[in-house]
Structure formats: structure tokens, C-alpha cells
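Source file upload13.cif; content: mmCIF, C-alpha atoms.
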```cif
data_final
#
loop_
_atom_site.label_atom_id
_atom_site.label_comp_id
_atom_site.auth_asym_id
_atom_site.auth_seq_id
_atom_site.Cartn_x
_atom_site.Cartn_y
_atom_site.Cartn_z
CA MET H 1 3.05 37.57 111.62
CA GLN H 2 6.36 36.65 110.01
CA ASN H 3 9.44 38.85 109.78
CA THR H 4 11.56 38.85 106.65
CA VAL H 5 15.35 39.16 106.56
CA ALA H 6 17.25 40.58 103.59
CA CYS H 7 20.91 39.61 103.48
CA TYR H 8 23.11 42.03 101.57
CA LYS H 9 26.78 42.65 100.88
CA TRP H 10 28.94 45.77 100.62
CA VAL H 11 31.12 45.43 97.51
CA ALA H 12 33.48 47.49 95.39
CA ASP H 13 31.73 49.60 92.76
CA GLU H 14 32.41 47.88 89.43
CA ALA H 15 32.58 51.25 87.68
CA ASP H 16 35.67 52.18 89.72
CA ILE H 17 37.61 48.94 89.14
CA ARG H 18 40.58 49.30 86.80
CA VAL H 19 42.23 46.49 84.85
CA HIS H 20 45.77 47.32 83.71
CA PRO H 21 47.36 46.08 80.44
CA ASP H 22 49.08 43.25 82.33
CA LEU H 23 45.56 42.22 83.54
CA SER H 24 46.31 43.17 87.15
CA VAL H 25 43.22 44.46 88.97
CA ASP H 26 43.32 47.82 90.74
CA LEU H 27 40.74 48.32 93.51
CA SER H 28 42.51 51.24 95.19
CA ARG H 29 40.06 53.86 93.90
CA ALA H 30 36.92 51.73 94.07
CA ALA H 31 34.18 53.14 96.26
CA GLY H 32 31.85 50.74 98.04
CA ARG H 33 28.16 50.15 97.46
CA ILE H 34 25.43 47.62 98.11
CA SER H 35 25.69 44.85 95.54
CA GLU H 36 23.25 45.53 92.70
CA TYR H 37 21.95 41.97 93.00
CA ASP H 38 21.25 42.43 96.71
CA LYS H 39 19.02 45.42 96.02
CA HIS H 40 16.54 42.97 94.50
CA ALA H 41 16.69 40.88 97.68
CA ILE H 42 15.98 43.96 99.80
CA GLU H 43 13.04 44.94 97.58
CA LEU H 44 11.47 41.47 97.85
CA ALA H 45 11.97 41.37 101.63
CA VAL H 46 10.16 44.70 101.98
CA GLN H 47 7.29 43.46 99.81
CA LEU H 48 6.92 40.15 101.67
CA ALA H 49 7.03 41.86 105.06
CA GLY H 50 4.31 44.23 103.92
CA ASN H 51 2.15 41.30 102.84
CA SER H 52 2.63 39.40 106.10
CA GLY H 53 2.38 42.38 108.45
CA GLY H 54 5.85 41.67 109.78
CA GLN H 55 9.09 43.62 109.83
CA ALA H 56 11.73 43.73 107.10
CA VAL H 57 15.20 43.43 108.61
CA GLY H 58 18.46 44.07 106.78
CA LEU H 59 21.33 41.77 107.69
CA THR H 60 24.93 42.42 106.66
CA PHE H 61 28.39 41.30 107.68
CA GLY H 62 31.75 42.97 107.37
CA ALA H 63 34.31 45.38 108.74
CA GLU H 64 33.98 49.12 109.41
CA PRO H 65 33.39 50.21 105.78
CA VAL H 66 30.05 48.37 105.90
CA ARG H 67 28.73 51.12 108.17
CA LYS H 68 28.31 53.28 105.06
CA SER H 69 25.73 50.83 103.70
CA LEU H 70 23.25 51.02 106.58
CA LYS H 71 21.46 54.26 105.71
CA ASP H 72 21.20 53.28 102.05
CA ALA H 73 19.75 49.87 102.95
CA LEU H 74 17.23 51.36 105.39
CA SER H 75 16.15 54.00 102.88
CA ARG H 76 15.00 51.16 100.61
CA GLY H 77 12.13 50.29 102.93
CA LEU H 78 13.70 48.08 105.58
CA ASP H 79 12.40 48.65 109.09
CA GLU H 80 15.66 47.95 110.89
CA ALA H 81 19.14 46.59 110.30
CA LEU H 82 21.55 44.21 112.00
CA TRP H 83 25.24 44.64 111.27
CA ILE H 84 27.60 41.86 112.30
CA LYS H 85 31.03 43.44 112.57
CA ALA H 86 34.10 41.55 111.42
CA PRO H 87 37.61 42.51 112.53
CA GLU H 88 39.41 44.65 109.95
CA GLN H 89 42.08 42.00 109.53
CA ALA H 90 39.65 39.11 109.09
CA THR H 91 39.97 36.99 105.96
CA VAL H 92 36.43 36.27 104.86
CA ASP H 93 35.19 33.70 102.37
CA ALA H 94 31.74 32.26 101.58
CA VAL H 95 31.96 29.86 104.52
CA VAL H 96 32.67 32.59 107.05
CA THR H 97 29.98 34.82 105.57
CA ALA H 98 27.37 32.06 105.87
CA ARG H 99 28.38 31.39 109.48
CA ALA H 100 28.00 35.07 110.36
CA LEU H 101 24.65 35.45 108.63
CA ALA H 102 23.35 32.27 110.28
CA ALA H 103 24.35 33.61 113.69
CA GLY H 104 22.60 36.88 112.87
CA VAL H 105 19.38 35.14 111.84
CA LYS H 106 19.42 33.03 115.01
CA SER H 107 19.61 36.21 117.10
CA LEU H 108 16.35 37.50 115.56
CA ASP H 109 12.80 36.53 116.51
CA GLY H 110 9.92 35.45 114.29
CA VAL H 111 11.87 35.06 111.05
CA GLY H 112 9.81 33.46 108.29
CA VAL H 113 11.81 34.16 105.13
CA ILE H 114 15.50 34.88 104.63
CA VAL H 115 16.14 36.48 101.25
CA CYS H 116 19.52 36.46 99.52
CA ALA H 117 20.54 37.38 96.01
CA GLU H 118 21.47 34.48 93.74
CA GLY H 119 25.04 35.84 93.77
CA SER H 120 27.01 38.90 94.85
CA GLY H 121 28.36 41.72 92.71
CA ASP H 122 31.99 40.73 93.31
CA SER H 123 32.45 36.95 93.21
CA TYR H 124 28.96 35.76 92.22
CA ALA H 125 29.83 32.39 93.75
CA ARG H 126 26.13 31.54 94.41
CA GLN H 127 27.05 29.88 97.70
CA THR H 128 25.52 32.11 100.36
CA ALA H 129 21.89 30.95 100.31
CA PRO H 130 22.61 27.18 100.19
CA ARG H 131 25.29 27.41 102.88
CA LEU H 132 23.08 29.59 105.07
CA ALA H 133 20.15 27.20 104.75
CA ALA H 134 22.36 24.24 105.62
CA LEU H 135 23.64 25.94 108.77
CA LEU H 136 20.10 26.88 109.83
CA GLY H 137 18.63 23.48 108.92
CA LEU H 138 16.08 25.12 106.61
CA PRO H 139 14.87 24.43 103.07
CA VAL H 140 16.30 26.62 100.31
CA VAL H 141 14.76 27.71 97.01
CA THR H 142 17.20 29.10 94.44
CA SER H 143 16.91 30.90 91.09
CA VAL H 144 13.65 32.54 92.20
CA CYS H 145 12.06 34.99 89.76
CA GLU H 146 8.70 35.37 91.54
CA ALA H 147 7.61 34.89 95.16
CA THR H 148 4.51 35.55 97.24
CA PHE H 149 2.61 34.22 100.23
CA VAL H 150 -0.35 31.91 99.55
CA ASP H 151 -2.31 30.45 102.49
CA GLY H 152 0.60 30.82 104.89
CA VAL H 153 3.26 29.24 102.68
CA LEU H 154 5.74 30.77 100.27
CA ARG H 155 4.92 30.16 96.64
CA ALA H 156 7.98 30.69 94.45
CA THR H 157 8.70 30.38 90.76
CA ARG H 158 12.17 29.22 89.76
CA ARG H 159 13.76 30.03 86.41
CA LEU H 160 15.60 26.94 85.16
CA GLU H 161 17.59 26.53 81.95
CA ASP H 162 14.63 25.72 79.73
CA SER H 163 11.57 25.91 81.95
CA LEU H 164 9.87 27.49 84.95
CA GLU H 165 9.23 25.53 88.13
CA THR H 166 6.72 26.60 90.79
CA VAL H 167 7.12 25.34 94.35
CA ALA H 168 5.25 25.85 97.62
CA VAL H 169 7.34 25.66 100.77
CA ALA H 170 6.49 25.98 104.45
CA LEU H 171 8.17 28.65 106.54
CA PRO H 172 10.84 29.34 107.61
CA VAL H 173 12.77 29.18 104.36
CA VAL H 174 15.82 30.66 102.62
CA VAL H 175 15.34 31.97 99.08
CA ALA H 176 17.89 33.15 96.51
CA VAL H 177 16.44 35.60 93.99
CA LEU H 178 17.35 36.50 90.42
CA PRO H 179 17.47 40.13 89.24
CA GLN H 180 14.36 39.53 87.11
CA ILE H 181 12.21 39.25 90.22
CA ASN H 182 11.60 43.00 90.60
CA ARG H 183 12.79 46.51 89.93
CA PRO H 184 14.27 48.02 93.11
CA ALA H 185 12.78 51.37 94.02
CA ILE H 186 15.05 54.42 94.03
CA PRO H 187 14.83 55.99 97.50
CA GLY H 188 13.42 59.51 97.60
CA LEU H 189 14.57 62.30 99.90
CA LYS H 190 11.87 61.51 102.47
CA ALA H 191 12.95 57.86 102.62
CA VAL H 192 16.61 58.83 102.98
CA MET H 193 15.81 61.23 105.82
CA ALA H 194 13.65 58.62 107.58
CA ALA H 195 16.41 56.01 107.30
CA GLY H 196 18.55 57.93 109.75
CA ARG H 197 15.91 57.41 112.47
CA LYS H 198 15.50 53.67 112.00
CA PRO H 199 17.09 51.26 114.50
CA VAL H 200 20.45 49.68 113.77
CA THR H 201 21.87 46.90 115.92
CA GLU H 202 25.62 46.29 115.88
CA LYS H 203 27.02 42.99 117.10
CA THR H 204 30.55 41.70 116.78
CA ALA H 205 31.34 38.32 115.31
CA GLU H 206 32.97 37.48 118.63
CA GLU H 207 29.75 38.25 120.54
CA LEU H 208 27.82 35.84 118.33
CA GLY H 209 30.49 33.16 118.49
CA VAL H 210 31.21 33.24 114.75
CA ASP H 211 34.11 31.08 113.63
CA LEU H 212 36.18 33.40 111.41
CA ALA H 213 38.53 30.71 110.11
CA PRO H 214 38.10 30.59 106.31
CA LYS H 215 38.14 27.44 104.22
CA SER H 216 39.70 29.16 101.20
CA GLU H 217 41.80 32.17 100.29
CA ILE H 218 42.37 34.27 97.19
CA THR H 219 45.95 33.74 96.05
CA SER H 220 45.83 35.93 92.95
CA MET H 221 43.42 37.89 90.80
CA LYS H 222 43.64 38.84 87.15
CA GLY H 223 41.30 40.66 84.83
CA PHE H 224 39.74 39.00 81.81
CA ALA H 225 40.37 40.22 78.27
CA GLN H 226 38.05 39.12 75.49
CA ALA H 227 39.99 37.98 72.44
CA ARG H 228 38.33 39.59 69.43
CA LYS H 229 38.85 38.28 65.90
CA ASN H 230 37.77 41.51 64.21
CA VAL H 231 36.30 39.76 61.20
CA LEU H 232 34.83 42.31 58.78
CA VAL H 233 31.85 41.31 56.65
CA GLU H 234 30.27 43.24 53.81
CA SER H 235 27.15 41.15 53.25
CA VAL H 236 24.85 38.65 54.91
CA ALA H 237 26.46 35.93 52.82
CA ASP H 238 29.88 36.83 54.22
CA LEU H 239 28.48 36.73 57.76
CA VAL H 240 26.91 33.30 57.25
CA ALA H 241 30.14 31.99 55.73
CA ALA H 242 32.16 33.27 58.71
CA LEU H 243 29.74 31.70 61.17
CA LYS H 244 29.88 28.38 59.32
CA LYS H 245 33.66 28.49 59.41
CA GLU H 246 33.53 28.84 63.20
CA GLY H 247 31.04 25.99 63.45
CA ILE H 248 28.35 28.22 64.89
CA VAL H 249 25.78 27.50 62.16
#
```
Take the structure in the file and write it out as C-alpha cells.
Amino acid sequence: MQNTVACYKWVADEADIRVHPDLSVDLSRAAGRISEYDKHAIELAVQLAGNSGGQAVGLTFGAEPVRKSLKDALSRGLDEALWIKAPEQATVDAVVTARALAAGVKSLDGVGVIVCAEGSGDSYARQTAPRLAALLGLPVVTSVCEATFVDGVLRATRRLEDSLETVAVALPVVVAVLPQINRPAIPGLKAVMAAGRKPVTEKTAEELGVDLAPKSEITSMKGFAQARKNVLVESVADLVAALKKEGIV
């Protein structure tokens, strides 16, 4: 029996982010939510745990606002959750996050698969899974669009630029999944009510010996504005001519 861990992140809701005319980014009114990409990781972890007869464990890292994520995560089918608490003043980057998640995984028993999203809803740096696997000394399979257990090993299909690659890997393993892998279920009232009775373990980064010293820092942030040419065409011939002029066709 193998347990499955779903790593997820609490991020600012993209719908609440405002970009001002000077391209400055305003997060002051942004509510938090589980990253949309991580919901796919949670869904796969629940499915794999069901297939193996093990438990599906949610693993997250962050300061006090992360507490709001726990009930939502558990309502999505996870059996329990582990929250690694960071100090409110901590400066966190991908390196620190990977250290914390690795410490969390090491504190759990019987872990067969650690599932991450390919990237997060804020930075989408695609670093978490590879860094986590390196710290744990485990193989990692990225860009996964399909995964299942076959004869005690994980069989995963990877979506590459122009092809699909299928691999079989022994457990334990870290996988990074693409959104195409599944359609996360929307929790019903019964699931939401049951989530409040599921176990949640809180551990501080200090308790687990997590090094909170970051390797990088954000020095500035600006929004992106798409430059539009506003070319008007009245016929297919005009469109083709415009595309040829741009070197597209």
C-alpha cells in the first residue's frame, strides 16, 4: 500500500489582480486560492491513492493565510493534510519551497508518489518538482498528461513538443502534471462538510529544520501589455497580404 502526496500552493486570485496604466501590479485586493494548476495535482493524487489502497495527503507550505486553503483541499478528496508553517516575514523562493516540501515528505510514512503541478498559478517557474526530487534523491517525471499504476510501477505519459513519451518508473517518484491530465471535481456540500472532520497536521519550518534563506529575491514586478497593431482587413486577400508582410506566411 502506497500513500500519495499532493503538493499545492496558495496564490493570489488572478481575477483580483489589477495592472495600472504605468504597468504597476496591485495585489492589495487579491483574495487567495489554491492554484488552478495544483487542483489537477490533487485530483491525480486522490485517484492514485484510491487505486493503490493508500492515503492521499495534501502538503502545503506558507504563512498564516495558507490556513484558509486546508478545508478546500480536503474537500477535494484528500484524506489528510500537512501544513508547514513559514514565518510571516519569511522571504520564500522556489529553493525554500522545495526544501520545505522535502522536509514535509520525509516526515510522512509510506510515500510512493509525490504529485506537483507543472507550474504554479503565480510564477509558473516549473522548478518545484525537479528541485524536490533532487533533494529527496528520487526520479522525477515532468510534463505528465496521463498516469496510472501498472504491476506496482507508475506508468506515465509525457507530452513533449511534437510527440508523446510513455515511461515506467519504480516508486517512490516525483511527478509534475499538466492541466490536460484530468478535470478536477467540484466539491459538493457533503464533501465540504466532511473536510472539516479530516485530520490536519501543522508543523513549523523551524521544527523540521527547514533552511529559510532564499537564493533569489523579487526586486520589481511590472504587468505586461500586448502591443496591438489594429490592422483592419476587408477580405481574405487583405489578410493574407498582411500576414505575408509580417513574414508569418
Per residue of segment 74-153 of chain H within 10 Å of segment 185-195 of chain H, which atom pair is closest and at what distance in Å (one decimal), using all atoms listed in the file, listed by chain and increasing number, as CSV?
```
residue,atom,partner,partner_atom,distance
H:Leu74,CA,H:Ala195,CA,5.1
H:Ser75,CA,H:Val192,CA,4.9
H:Arg76,CA,H:Pro187,CA,5.7
H:Gly77,CA,H:Ala191,CA,7.6
H:Leu78,CA,H:Ala195,CA,8.6
H:Asp79,CA,H:Ala195,CA,8.6
H:Glu80,CA,H:Ala195,CA,8.9
```
Taking the file above as input, evaluate the PyMOL selection byres ((chain H and resi 172-176) around 7) and report the hits as a list in words. Val111, Gly112, Val113, Ile114, Val115, Cys116, Ala117, Glu118, Ala129, Ala133, Leu138, Pro139, Val140, Val141, Thr142, Ser143, Val144, Ala170, Leu171, Val177 and Leu178 of chain H
Calculated over only C-alpha atoms, which of the candidates H:Gly137, H:Gly196, H:Gly223, H:Gly121 has the smallest distance to Pro21 of chain H?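 Of H:Gly137, H:Gly196, H:Gly223, H:Gly121, the one nearest Pro21 of chain H is H:Gly223, counting only C-alpha atoms.
Taken over the shown file, the PyMOL selection byres ((chain H and resi 82-98) around 6) identifies Leu59, Thr60, Phe61, Gly62, Ala63, Ala81, Arg99, Ala100, Leu101, Ala102, Thr128, Arg131, Leu132, Val200, Thr201, Glu202, Lys203, Thr204, Ala205, Leu212 and Pro214 of chain H.
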Selection result of the PyMOL selection byres ((chain H and resi 13) around 12) on this file, as a list in words: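 Given this file, the PyMOL selection byres ((chain H and resi 13) around 12) evaluates to Lys9, Trp10, Val11, Ala12, Glu14, Ala15, Asp16, Ile17, Arg18, Asp26, Leu27, Ser28, Arg29, Ala30, Ala31, Gly32, Arg33, Ile34, Ser35, Glu36, Ser120, Gly121 and Asp122 of chain H.
Ranking H:Gln2, H:Ser163, H:Ser123, H:Asn230 by their shortest atom-to-atom distance to Ile218 of chain H, with all atoms listed in the file included, puts H:Ser123 first.
The shortest atom-to-atom distance to Pro199 of chain H, with only C-alpha atoms taken into account, belongs to H:Leu70 out of H:Val249, H:Val167, H:Ala237, H:Leu70.
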